[in-house]
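Asker: This is data_10.cif, which holds mmCIF, C-alpha atoms:
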```cif
data_input
loop_
_atom_site.label_atom_id
_atom_site.label_comp_id
_atom_site.auth_asym_id
_atom_site.auth_seq_id
_atom_site.Cartn_x
_atom_site.Cartn_y
_atom_site.Cartn_z
CA MET A 1 49.80 -237.76 -97.37
CA ALA A 2 52.14 -240.40 -98.88
CA ARG A 3 55.72 -239.41 -99.45
CA THR A 4 58.77 -241.14 -100.91
CA VAL A 5 62.03 -240.87 -99.00
CA GLU A 6 65.42 -241.54 -100.49
CA PRO A 7 67.56 -243.29 -97.87
CA SER A 8 70.58 -241.21 -96.89
CA GLY A 9 72.82 -243.22 -94.62
CA ALA A 10 69.68 -244.80 -93.19
CA ARG A 11 67.55 -247.75 -94.15
CA ALA A 12 64.05 -247.09 -95.54
CA ALA A 13 61.27 -249.63 -95.06
CA THR A 14 58.18 -250.09 -97.24
CA THR A 15 54.93 -251.67 -96.13
CA GLY A 16 51.62 -252.30 -97.82
CA GLY A 17 48.75 -249.90 -97.04
CA THR A 18 45.21 -250.95 -96.31
CA SER A 19 44.30 -250.35 -99.97
CA GLY A 20 46.99 -252.70 -101.20
CA GLN A 21 49.15 -249.84 -102.48
CA PRO A 22 52.71 -249.55 -101.23
CA ALA A 23 53.32 -246.92 -98.58
CA THR A 24 56.45 -245.63 -96.94
CA VAL A 25 57.35 -245.19 -93.30
CA ALA A 26 59.83 -242.82 -91.70
CA PRO A 27 63.49 -243.74 -92.06
CA THR A 28 64.67 -245.73 -89.10
CA GLU A 29 67.53 -243.38 -88.20
CA THR A 30 65.37 -240.25 -88.22
CA GLN A 31 62.65 -242.11 -86.37
CA ARG A 32 65.10 -243.06 -83.65
CA ARG A 33 66.50 -239.54 -83.39
CA VAL A 34 63.05 -237.96 -83.14
CA ARG A 35 62.04 -240.44 -80.44
CA GLU A 36 65.19 -239.81 -78.44
CA GLY A 37 64.76 -236.05 -78.82
CA ALA A 38 61.26 -236.00 -77.29
CA GLY A 39 62.53 -234.53 -74.04
CA LEU A 40 64.56 -231.89 -75.87
CA LEU A 41 61.53 -230.85 -77.93
CA ALA A 42 59.23 -230.70 -74.91
CA ALA A 43 61.67 -228.54 -72.93
CA ALA A 44 62.24 -226.22 -75.88
CA ALA A 45 58.51 -225.90 -76.47
CA MET A 46 57.84 -224.93 -72.84
CA ARG A 47 60.60 -222.30 -72.97
CA ARG A 48 59.14 -220.83 -76.16
CA LEU A 49 55.64 -220.73 -74.69
CA ASP A 50 56.89 -218.74 -71.72
CA GLU A 51 59.01 -216.42 -73.86
CA ASP A 52 56.62 -215.73 -76.75
CA LEU A 53 53.05 -215.93 -75.45
CA ASP A 54 51.85 -213.21 -73.09
CA TRP A 55 48.50 -214.94 -72.52
CA TYR A 56 50.30 -218.11 -71.40
CA ARG A 57 52.33 -216.24 -68.77
CA ALA A 58 49.12 -214.60 -67.49
CA LEU A 59 47.39 -217.93 -66.87
CA PRO A 60 47.06 -219.35 -63.34
CA ALA A 61 49.67 -221.95 -62.47
CA GLU A 62 47.21 -224.83 -62.78
CA ASP A 63 46.14 -223.79 -66.28
CA ARG A 64 49.78 -223.33 -67.37
CA SER A 65 50.40 -226.88 -66.18
CA TRP A 66 47.52 -228.18 -68.27
CA VAL A 67 48.70 -226.28 -71.34
CA GLY A 68 52.15 -227.78 -70.84
CA LEU A 69 50.67 -231.26 -70.71
CA VAL A 70 48.79 -230.60 -73.95
CA ALA A 71 51.99 -229.43 -75.66
CA GLN A 72 53.92 -232.50 -74.46
CA ALA A 73 51.05 -234.78 -75.49
CA GLY A 74 51.17 -233.24 -78.97
CA ILE A 75 54.88 -233.94 -79.31
CA SER A 76 54.48 -237.52 -78.04
CA SER A 77 51.55 -238.13 -80.36
CA PHE A 78 53.52 -236.84 -83.35
CA ILE A 79 56.45 -239.11 -82.51
CA ALA A 80 54.13 -242.12 -82.24
CA TRP A 81 52.57 -241.34 -85.62
CA TYR A 82 55.93 -240.61 -87.25
CA ALA A 83 56.96 -244.19 -86.49
CA ASP A 84 54.53 -245.17 -89.26
CA SER A 85 53.49 -242.07 -91.17
CA SER A 86 52.17 -244.17 -94.04
CA ARG A 87 48.81 -244.08 -92.23
CA PRO A 88 46.69 -240.95 -91.91
CA PRO A 89 47.51 -238.91 -88.80
CA HIS A 90 46.02 -240.68 -85.81
CA GLY A 91 45.88 -240.10 -82.10
CA VAL A 92 45.30 -236.39 -82.65
CA SER A 93 42.15 -236.27 -80.53
CA ASP A 94 44.07 -237.84 -77.64
CA ILE A 95 46.24 -234.73 -77.37
CA PHE A 96 43.43 -232.79 -75.69
CA ALA A 97 42.12 -235.70 -73.63
CA SER A 98 44.54 -235.02 -70.79
CA ALA A 99 43.21 -231.51 -70.18
CA PRO A 100 39.92 -230.78 -68.38
CA PRO A 101 37.02 -229.45 -70.51
CA GLU A 102 37.08 -226.24 -68.44
CA LEU A 103 40.39 -225.33 -70.10
CA THR A 104 38.42 -224.22 -73.16
CA ARG A 105 37.09 -221.38 -70.99
CA SER A 106 40.58 -220.31 -69.90
CA ILE A 107 42.20 -220.25 -73.33
CA SER A 108 40.53 -219.52 -76.64
CA LEU A 109 40.77 -221.46 -79.89
CA GLN A 110 43.03 -218.73 -81.23
CA HIS A 111 45.38 -219.23 -78.28
CA THR A 112 45.35 -222.98 -78.90
CA LEU A 113 46.40 -222.39 -82.51
CA HIS A 114 49.20 -220.12 -81.21
CA LEU A 115 50.30 -223.10 -79.11
CA VAL A 116 50.30 -225.39 -82.16
CA ARG A 117 52.37 -222.90 -84.17
CA VAL A 118 54.94 -222.59 -81.39
CA VAL A 119 55.36 -226.37 -81.17
CA VAL A 120 55.64 -226.65 -84.96
CA ASP A 121 58.28 -223.92 -85.00
CA VAL A 122 60.22 -225.67 -82.25
CA VAL A 123 60.28 -228.97 -84.16
CA GLU A 124 61.23 -227.21 -87.41
CA THR A 125 64.03 -225.36 -85.62
CA HIS A 126 65.42 -228.68 -84.35
CA ALA A 127 64.86 -230.56 -87.62
CA ASP A 128 68.49 -230.24 -88.68
CA ARG A 129 69.57 -231.77 -85.40
CA LEU A 130 66.97 -234.53 -85.25
CA ALA A 131 66.71 -235.70 -88.85
CA ALA A 132 69.22 -237.94 -90.52
CA PRO A 133 71.36 -236.07 -93.06
CA GLY A 134 69.32 -235.17 -96.13
CA GLU A 135 65.95 -235.92 -94.53
CA GLU A 136 65.34 -232.58 -92.82
CA ARG A 137 62.73 -231.55 -95.39
CA GLU A 138 60.81 -234.78 -94.92
CA LEU A 139 60.65 -234.21 -91.18
CA ARG A 140 59.42 -230.66 -91.63
CA GLU A 141 56.70 -231.78 -94.05
CA ALA A 142 55.57 -234.45 -91.61
CA VAL A 143 55.35 -231.86 -88.83
CA LEU A 144 53.27 -229.53 -91.01
CA LEU A 145 50.91 -232.33 -92.00
CA TYR A 146 50.42 -233.42 -88.42
CA SER A 147 50.00 -229.85 -87.13
CA ARG A 148 47.21 -229.30 -89.64
CA GLU A 149 45.35 -232.27 -88.22
CA VAL A 150 45.97 -230.99 -84.69
CA ALA A 151 44.45 -227.63 -85.65
CA PHE A 152 41.35 -229.34 -87.06
CA SER A 153 41.08 -231.46 -83.93
CA ALA A 154 41.36 -228.37 -81.72
CA ALA A 155 38.54 -226.72 -83.66
CA GLU A 156 36.38 -229.80 -83.10
CA VAL A 157 37.17 -229.79 -79.37
CA TYR A 158 36.13 -226.16 -79.07
CA ALA A 159 33.03 -226.72 -81.18
CA ARG A 160 31.94 -229.60 -78.96
CA ALA A 161 32.69 -227.56 -75.84
CA ALA A 162 30.65 -224.65 -77.20
CA GLU A 163 27.77 -226.97 -78.06
CA VAL A 164 27.76 -228.52 -74.58
CA ARG A 165 28.16 -225.11 -72.96
CA GLY A 166 25.33 -223.70 -75.08
CA ALA A 167 22.99 -226.54 -74.14
CA TRP A 168 23.89 -226.14 -70.46
CA ASP A 169 23.47 -222.38 -70.60
CA ALA A 170 20.05 -222.77 -72.24
CA ARG A 171 18.88 -225.13 -69.48
CA LEU A 172 20.32 -222.85 -66.80
CA GLU A 173 18.66 -219.82 -68.41
CA ALA A 174 15.28 -221.58 -68.42
CA LEU A 175 15.63 -222.35 -64.70
CA VAL A 176 16.67 -218.79 -63.90
CA VAL A 177 13.80 -217.23 -65.87
CA ASP A 178 11.32 -219.54 -64.15
CA ALA A 179 12.72 -218.58 -60.72
CA LEU A 180 12.63 -214.86 -61.53
CA VAL A 181 9.02 -215.04 -62.71
CA ARG A 182 8.07 -216.76 -59.46
CA GLY A 183 10.01 -214.20 -57.45
CA ASP A 184 12.20 -216.97 -56.03
CA VAL A 185 15.41 -214.92 -55.83
CA ASP A 186 18.13 -216.04 -53.45
CA ASP A 187 21.92 -216.13 -53.51
CA SER A 188 21.99 -219.13 -55.84
CA THR A 189 19.70 -217.37 -58.31
CA ARG A 190 21.91 -214.28 -58.23
CA SER A 191 25.02 -216.37 -58.91
CA ARG A 192 23.30 -218.15 -61.79
CA VAL A 193 22.22 -214.85 -63.29
CA ALA A 194 25.82 -213.65 -63.07
CA ALA A 195 27.04 -216.91 -64.65
CA LEU A 196 24.78 -216.18 -67.62
CA GLY A 197 26.55 -212.86 -68.14
CA TRP A 198 24.01 -210.46 -66.61
CA SER A 199 26.02 -207.35 -65.67
CA GLY A 200 23.31 -205.71 -63.55
CA ARG A 201 23.89 -202.17 -64.79
CA GLY A 202 20.80 -200.01 -65.17
CA GLN A 203 17.13 -200.90 -64.84
CA THR A 204 15.22 -204.01 -65.88
CA LEU A 205 11.92 -204.78 -67.56
CA VAL A 206 10.16 -207.90 -68.77
CA VAL A 207 8.39 -208.27 -72.10
CA VAL A 208 6.01 -211.14 -72.83
CA GLY A 209 4.45 -212.36 -76.05
CA THR A 210 3.81 -215.50 -78.03
CA THR A 211 5.90 -217.52 -80.44
CA ALA A 212 4.95 -217.90 -84.09
CA ALA A 213 5.77 -221.62 -84.07
CA PRO A 214 7.64 -224.12 -81.92
CA ILE A 215 11.20 -222.81 -81.48
CA ASP A 216 13.98 -225.30 -82.16
CA GLU A 217 17.53 -224.98 -80.86
CA VAL A 218 18.75 -223.04 -83.90
CA ARG A 219 15.96 -220.45 -83.72
CA ALA A 220 16.34 -220.24 -79.94
CA ALA A 221 20.06 -219.50 -80.29
CA ASP A 222 19.32 -216.86 -82.94
CA LEU A 223 16.70 -215.30 -80.66
CA ARG A 224 19.15 -215.11 -77.78
CA ARG A 225 21.76 -213.43 -79.97
CA ALA A 226 19.17 -210.87 -81.11
CA THR A 227 18.15 -210.01 -77.55
CA ARG A 228 21.76 -209.56 -76.50
CA ARG A 229 22.31 -207.19 -79.39
CA ALA A 230 19.23 -205.19 -78.43
CA ALA A 231 20.15 -204.56 -74.77
CA ASP A 232 23.14 -204.67 -72.47
CA ASP A 233 21.67 -207.61 -70.56
CA ALA A 234 19.11 -210.17 -71.71
CA LEU A 235 17.57 -213.45 -70.61
CA VAL A 236 15.14 -215.49 -72.69
CA GLY A 237 12.55 -217.96 -71.45
CA ILE A 238 10.56 -220.11 -73.88
CA GLN A 239 7.57 -221.50 -72.00
CA GLY A 240 5.53 -223.46 -74.48
CA ASP A 241 4.04 -220.90 -76.87
CA ARG A 242 4.87 -218.03 -74.51
CA LEU A 243 8.05 -216.02 -74.86
CA VAL A 244 9.39 -214.20 -71.78
CA VAL A 245 12.32 -211.82 -72.25
CA PHE A 246 14.17 -209.98 -69.48
CA LEU A 247 16.03 -206.88 -70.66
CA GLY A 248 18.42 -204.77 -68.62
CA GLY A 249 20.90 -201.96 -69.07
CA GLN A 250 21.36 -198.24 -69.16
CA GLY A 251 19.97 -197.67 -72.65
CA ASP A 252 16.39 -197.20 -73.85
CA LEU A 253 14.86 -200.57 -73.00
CA ARG A 254 11.51 -199.75 -74.61
CA ALA A 255 13.30 -199.02 -77.88
CA ALA A 256 15.01 -202.40 -77.49
CA VAL A 257 11.59 -204.04 -77.18
CA THR A 258 10.44 -202.37 -80.40
CA SER A 259 13.48 -203.74 -82.24
CA LEU A 260 12.61 -207.25 -81.03
CA LEU A 261 8.95 -207.20 -82.11
CA PRO A 262 9.60 -209.26 -85.30
CA ARG A 263 10.96 -212.03 -83.07
CA PHE A 264 7.55 -212.49 -81.44
CA GLY A 265 4.60 -214.27 -82.96
CA PRO A 266 1.34 -212.60 -83.92
CA GLY A 267 -0.80 -211.09 -81.20
CA PRO A 268 -0.12 -208.77 -78.31
CA VAL A 269 3.32 -208.06 -76.87
CA VAL A 270 3.17 -206.69 -73.32
CA ILE A 271 5.88 -204.69 -71.54
CA GLY A 272 6.09 -204.89 -67.76
CA PRO A 273 6.98 -201.79 -65.74
CA LEU A 274 10.60 -200.77 -65.22
CA VAL A 275 12.13 -202.03 -61.97
CA ALA A 276 15.39 -201.26 -60.24
CA ASP A 277 17.24 -204.49 -61.03
CA ILE A 278 16.90 -208.16 -61.90
CA THR A 279 16.24 -209.19 -58.29
CA THR A 280 13.00 -207.18 -58.24
CA SER A 281 11.91 -208.16 -61.74
CA ALA A 282 9.15 -210.53 -60.56
CA ALA A 283 6.74 -207.56 -60.34
CA SER A 284 7.46 -206.61 -63.94
CA ALA A 285 7.13 -210.23 -65.09
CA ARG A 286 3.82 -210.81 -63.31
CA ALA A 287 2.34 -207.59 -64.67
CA ALA A 288 3.42 -208.46 -68.22
CA ILE A 289 2.07 -212.02 -68.02
CA ALA A 290 -1.26 -210.81 -66.61
CA GLY A 291 -1.38 -208.21 -69.36
CA LEU A 292 -0.86 -210.87 -72.01
CA GLN A 293 -3.77 -212.87 -70.57
CA ALA A 294 -6.03 -209.81 -70.56
CA ALA A 295 -4.97 -208.12 -73.81
CA ALA A 296 -7.68 -209.81 -75.85
CA ALA A 297 -10.25 -207.63 -74.07
CA TRP A 298 -8.75 -204.53 -75.73
CA PRO A 299 -8.52 -205.25 -79.47
CA GLN A 300 -7.30 -201.73 -80.22
CA ALA A 301 -4.30 -202.00 -77.89
CA PRO A 302 -1.00 -200.90 -79.47
CA ARG A 303 1.80 -203.40 -80.10
CA PRO A 304 3.72 -203.38 -77.86
CA VAL A 305 1.48 -202.28 -75.03
CA ALA A 306 2.50 -201.43 -71.48
CA ALA A 307 1.08 -203.70 -68.80
CA ASP A 308 -0.05 -200.63 -66.85
CA ASP A 309 -2.16 -199.57 -69.84
CA LEU A 310 -4.11 -202.81 -69.42
CA LEU A 311 -5.09 -202.32 -65.78
CA PRO A 312 -8.90 -202.53 -66.35
CA GLU A 313 -8.54 -205.70 -68.43
CA ARG A 314 -6.17 -207.21 -65.88
CA VAL A 315 -8.76 -206.57 -63.16
CA LEU A 316 -11.28 -208.52 -65.25
CA VAL A 317 -9.00 -211.58 -65.34
CA GLY A 318 -8.52 -211.38 -61.58
CA ASP A 319 -5.10 -209.77 -61.30
CA PRO A 320 -4.83 -208.54 -57.68
CA LEU A 321 -1.84 -206.33 -58.49
CA ALA A 322 -3.85 -204.40 -61.09
CA ARG A 323 -6.73 -204.01 -58.64
CA ARG A 324 -4.44 -202.63 -55.93
CA THR A 325 -2.74 -200.32 -58.44
CA LEU A 326 -6.02 -198.78 -59.60
CA VAL A 327 -7.24 -198.26 -56.05
CA ALA A 328 -3.94 -196.75 -54.93
CA GLN A 329 -3.40 -194.52 -57.94
CA ALA A 330 -6.97 -193.39 -58.67
CA TYR A 331 -9.67 -194.15 -56.13
CA GLU A 332 -7.83 -193.36 -52.92
CA PRO A 333 -6.30 -190.04 -54.14
CA LEU A 334 -9.73 -188.91 -55.37
CA ALA A 335 -11.42 -189.94 -52.15
CA ALA A 336 -8.83 -188.06 -50.13
CA SER A 337 -8.89 -184.92 -52.29
CA GLN A 338 -10.81 -181.75 -51.66
CA GLY A 339 -13.17 -180.06 -54.10
CA ALA A 340 -15.66 -182.91 -54.59
CA LEU A 341 -13.47 -184.59 -57.23
CA LEU A 342 -14.73 -188.10 -56.49
CA GLU A 343 -18.34 -186.93 -56.60
CA THR A 344 -17.75 -185.04 -59.86
CA ILE A 345 -16.02 -187.86 -61.76
CA SER A 346 -18.70 -190.24 -60.52
CA ALA A 347 -21.46 -187.95 -61.81
CA TYR A 348 -19.66 -187.41 -65.10
CA LEU A 349 -19.23 -191.13 -65.75
CA GLY A 350 -22.71 -191.95 -64.48
CA THR A 351 -24.43 -189.50 -66.86
CA GLY A 352 -22.87 -190.83 -70.05
CA ARG A 353 -19.77 -188.61 -69.93
CA SER A 354 -21.81 -185.46 -70.48
CA LEU A 355 -20.56 -182.21 -68.94
CA GLU A 356 -24.00 -180.62 -69.01
CA ALA A 357 -25.76 -183.62 -67.50
CA ALA A 358 -23.12 -183.92 -64.77
CA ALA A 359 -23.43 -180.19 -64.04
CA ARG A 360 -27.22 -180.46 -63.67
CA SER A 361 -26.91 -183.43 -61.31
CA LEU A 362 -24.39 -181.56 -59.21
CA TYR A 363 -26.19 -178.18 -59.42
CA VAL A 364 -23.03 -176.46 -60.68
CA HIS A 365 -21.95 -174.73 -63.89
CA PRO A 366 -20.49 -176.96 -66.68
CA ASN A 367 -17.26 -174.98 -66.45
CA THR A 368 -16.98 -176.07 -62.83
CA VAL A 369 -17.33 -179.69 -63.91
CA ARG A 370 -14.71 -179.12 -66.59
CA TYR A 371 -12.32 -177.59 -64.04
CA ARG A 372 -12.84 -180.43 -61.60
CA LEU A 373 -12.23 -183.03 -64.31
CA LYS A 374 -8.96 -181.34 -65.11
CA ARG A 375 -8.08 -181.66 -61.43
CA VAL A 376 -8.96 -185.35 -61.60
CA ALA A 377 -6.43 -185.75 -64.41
CA ASP A 378 -3.80 -183.91 -62.35
CA VAL A 379 -4.42 -186.09 -59.30
CA THR A 380 -4.62 -189.51 -60.99
CA GLY A 381 -2.73 -189.15 -64.25
CA TRP A 382 -5.76 -190.30 -66.27
CA ASP A 383 -7.82 -187.77 -68.25
CA PRO A 384 -11.60 -188.26 -67.88
CA LEU A 385 -12.17 -186.54 -71.24
CA ASP A 386 -10.23 -189.27 -73.06
CA PRO A 387 -12.49 -192.27 -73.83
CA ARG A 388 -9.90 -194.92 -72.96
CA GLU A 389 -8.67 -193.18 -69.80
CA SER A 390 -12.19 -192.50 -68.58
CA TYR A 391 -12.78 -196.26 -68.81
CA VAL A 392 -9.72 -196.79 -66.61
CA LEU A 393 -11.11 -194.33 -64.08
CA GLN A 394 -14.53 -195.95 -64.16
CA THR A 395 -12.97 -199.32 -63.37
CA ALA A 396 -10.92 -197.75 -60.59
CA LEU A 397 -14.03 -196.27 -59.01
CA ALA A 398 -15.83 -199.61 -59.23
CA VAL A 399 -13.11 -201.66 -57.55
CA GLY A 400 -12.49 -198.90 -55.01
CA ARG A 401 -16.11 -198.91 -53.93
CA LEU A 402 -16.17 -202.69 -53.77
CA ASP A 403 -13.08 -202.71 -51.57
CA ALA A 404 -14.59 -200.00 -49.37
CA THR A 405 -17.58 -202.22 -48.61
CA ASP A 406 -15.44 -205.17 -47.47
#
```
Mind turning the file's structure into structure tokens?
Answerer:
Amino acid sequence: MARTVEPSGARAATTGGTSGQPATVAPTETQRRVREGAGLLAAAAMRRLDEDLDWYRALPAEDRSWVGLVAQAGISSFIAWYADSSRPPHGVSDIFASAPPELTRSISLQHTLHLVRVVVDVVETHADRLAAPGEERELREAVLLYSREVAFSAAEVYARAAEVRGAWDARLEALVVDALVRGDVDDSTRSRVAALGWSGRGQTLVVVGTTAAPIDEVRAADLRRATRRAADDALVGIQGDRLVVFLGGQGDLRAAVTSLLPRFGPGPVVIGPLVADITTSAASARAAIAGLQAAAAWPQAPRPVAADDLLPERVLVGDPLARRTLVAQAYEPLAASQGALLETISAYLGTGRSLEAAARSLYVHPNTVRYRLKRVADVTGWDPLDPRESYVLQTALAVGRLDATD
């Protein structure tokens, strides 16, 4: 911004700009007064910060010290530029160089702009005292021009900090998800989970699916925002073409999964069982991953499908957890029950799921078979009269007998 100053009791100097056009510099008298008033401005700015800004008074002493250094650096930088304001504002980025990057976590961009406005107001308030007579307006205009550049520079500082923080958080999140899937949970993992904003309220589940295409940084950031809108807590792991999402909170987590389905690629999406908290989520993750591997064996599976609904298919791919679950929830309760339930379900499945054929093989009435099958459903939770659930029971009986022979 070039400006023409009429000398008023002070000598004005004119120099040539880089483009060959004449440019003006600040009047010598005002320049001297502003330079000599640096201490006055800095002291006044610090008093105003403490008087006007509640957030500044609430900061720890170390952070207040850093903010003070930034304010003083801004005043010094303005004075240096004002010595030759014919050039575009320079040295603006140096204002924030004295403060540590972590300061962007302590104060927001909005607070930084509050700081700029306070300093501008302080200089404007003292313009009559600092400027040579008749040049007060010129000084105010110079302050406004420079403060605009400071505001833009502050925005760039915060944007860079957010970009670096986002990249770091993404790498940290990938490490945490990998550790949780492995079940490698120690104090460091817990602290990293907390650093990523996981509140730990409510239960946790893991959902696994595929990605439609390679996910770049922009799509990954959008995905993370979507998961955090869907649930109180969320972590996202992108492992090649596999997408692993941890969801936590007190709301309906299965409904949250349904809302996220468009974010997954084509193919099955598997939900692991609910667990108490993030530290025990490895069981949910392993079940969901095994379910994703086995889902192709059940083409009619719903989307999403619970990992526990894929127990027979998971047994086929060698999932030991699914095998133990079927034995514990179906075979062992039937074997321990009274009323020949294990014998009846075995006969029913072995005769092509025919009540009459099972009754003949057992020398009982078909109504007795029907009653016993209802008892099987009560004991195991799977209904033998349902085609899909009878397949689950048949697999449970098979692995239970195999384990019994070991």
Asker: Just give me the gap between atom CA of A:Arg148 and atom CA of A:Arg117 in Å, one decimal is fine.
Answerer: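 According to the coordinates, atom CA of A:Arg148 and atom CA of A:Arg117 are separated by 9.9 Å.
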Asker: Apply the PyMOL selection byres ((chain A and resi 187-203) around 6) to the displayed file and report the matching residues as a count of residues only.
Answerer: 10
Asker: Taking (61.3, -226.6, -83.5) in the file's own coordinates, collect the residues within 10 Å, counting all atoms listed in the file, and hand them back as a PyMOL selection string.
Answerer: chain A and resi 40-42+44-45+48+117-130+140+143
Asker: Looking at all atoms listed in the file, which of A:Ala296, A:Leu235, A:Val116, A:Ile345 is the one that sits closest to A:Leu180?
Answerer: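 Looking at the shortest contact to A:Leu180, the residue is A:Leu235.
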Asker: How many Å lie between atom CA of A:Ala170 and atom CA of A:Arg242, rounded to one decimal?
Answerer: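 Answer for the atom CA of A:Ala170 to atom CA of A:Arg242 separation: 16.1 Å.
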Asker: As a check of understanding, name the residues that the PyMOL selection byres ((chain A and resi 205) around 9) selects in the supplied structure, as a list in words.
Answerer: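 On this input, the PyMOL selection byres ((chain A and resi 205) around 9) captures Gln203, Thr204, Val206, Val207, Val245, Phe246, Leu247, Gly248, Leu253, Arg254, Ile271, Gly272, Pro273, Leu274, Val275, Ala276, Asp277, Ile278, Ser281, Ser284 and Ala285 of chain A.
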Asker: Between A:Ser346, A:Ser77, A:Thr325, A:Thr210, single out the one closest to A:Pro312, counting only C-alpha atoms.
Answerer: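 Closest residue, counting only C-alpha atoms: A:Thr325.
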Asker: Measure the distance from atom CA of A:Thr405 to atom CA of A:Ala288 in Å and round it to one decimal.
Answerer: 29.4 Å
Asker: Assuming the chain letters and numbering stay as they are in my file, what does the PyMOL selection byres ((chain A and resi 267) around 8) actually select? List them as a PyMOL selection string.
Answerer: chain A and resi 209-210+265-266+268-269
Asker: Taking all atoms listed in the file into account, name the residue in A:Ala282, A:Leu261, A:Ile79, A:Val399 that is nearest to A:Val305.
Answerer: A:Leu261
Asker: If you count all atoms listed in the file, which residues fall within 12 Å of A:Ser390, apart from same-chain ones fewer than 2 positions away, as a list of chain:residue names?
Answerer: A:Pro312, A:Ala330, A:Ile345, A:Ser346, A:Tyr348, A:Leu349, A:Gly350, A:Gly352, A:Arg353, A:Leu373, A:Val376, A:Ala377, A:Thr380, A:Gly381, A:Trp382, A:Asp383, A:Pro384, A:Leu385, A:Asp386, A:Pro387, A:Arg388, A:Val392, A:Leu393, A:Gln394, A:Thr395, A:Ala396, A:Leu397
Asker: Mind checking which residues fall within 12 Å of A:Asp378, counting only C-alpha atoms, ignoring those fewer than 6 positions away in the same chain, and posting them as an mmCIF file with C-alpha atoms, keeping the file's coordinate frame?
Answerer:
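Saved to selection_27.cif:
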```cif
data_model
loop_
_atom_site.group_PDB
_atom_site.id
_atom_site.type_symbol
_atom_site.label_atom_id
_atom_site.label_comp_id
_atom_site.auth_asym_id
_atom_site.auth_seq_id
_atom_site.Cartn_x
_atom_site.Cartn_y
_atom_site.Cartn_z
ATOM 1 C CA GLN A 329 -3.400 -194.520 -57.940
ATOM 2 C CA ALA A 330 -6.970 -193.390 -58.670
ATOM 3 C CA PRO A 333 -6.300 -190.040 -54.140
ATOM 4 C CA LEU A 334 -9.730 -188.910 -55.370
ATOM 5 C CA SER A 337 -8.890 -184.920 -52.290
ATOM 6 C CA LEU A 341 -13.470 -184.590 -57.230
ATOM 7 C CA TYR A 371 -12.320 -177.590 -64.040
ATOM 8 C CA ARG A 372 -12.840 -180.430 -61.600
ATOM 9 C CA PRO A 384 -11.600 -188.260 -67.880
#
```
Asker: Using only C-alpha atoms, find the one residue out of A:Ala357, A:Leu139, A:Ala131, A:Leu292 that sits nearest to A:Asp309.
Answerer: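 Using only C-alpha atoms, the shortest distance to A:Asp309 belongs to A:Leu292.
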Asker: Which residue gives the smallest distance to A:Asp308 among A:Arg182, A:Arg224, A:Arg171, A:Arg324, with only C-alpha atoms counted?
Answerer: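 Closest to A:Asp308 of all the choices is A:Arg324.
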Asker: Go through A:Ala290, A:Ile75, A:Leu115, A:Val176 and flag the residue nearest A:Ala306, using all atoms listed in the file for the distances.
Answerer: A:Ala290
Asker: If I only want stretch 172-188 of chain A, can you write it with C-alpha atoms, as a PDB file, in the first residue's frame?
Answerer:
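The resulting file, out_7.pdb, is reproduced below:
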```
ATOM      1  CA  LEU A 172      -0.575 -42.149  15.773  1.00  0.00           C
ATOM      2  CA  GLU A 173      -4.093 -43.430  15.064  1.00  0.00           C
ATOM      3  CA  ALA A 174      -2.734 -46.070  12.674  1.00  0.00           C
ATOM      4  CA  LEU A 175      -0.300 -47.291  15.346  1.00  0.00           C
ATOM      5  CA  VAL A 176      -3.017 -47.369  18.005  1.00  0.00           C
ATOM      6  CA  VAL A 177      -5.472 -49.294  15.803  1.00  0.00           C
ATOM      7  CA  ASP A 178      -2.771 -51.823  14.941  1.00  0.00           C
ATOM      8  CA  ALA A 179      -1.942 -52.295  18.642  1.00  0.00           C
ATOM      9  CA  LEU A 180      -5.607 -52.672  19.593  1.00  0.00           C
ATOM     10  CA  VAL A 181      -6.204 -55.282  16.893  1.00  0.00           C
ATOM     11  CA  ARG A 182      -3.221 -57.263  18.180  1.00  0.00           C
ATOM     12  CA  GLY A 183      -4.430 -56.909  21.749  1.00  0.00           C
ATOM     13  CA  ASP A 184      -1.204 -55.128  22.684  1.00  0.00           C
ATOM     14  CA  VAL A 185      -2.742 -52.773  25.254  1.00  0.00           C
ATOM     15  CA  ASP A 186      -0.482 -51.248  27.881  1.00  0.00           C
ATOM     16  CA  ASP A 187      -0.219 -47.879  29.602  1.00  0.00           C
ATOM     17  CA  SER A 188       1.346 -46.241  26.553  1.00  0.00           C
TER      18      SER A 188
END
```
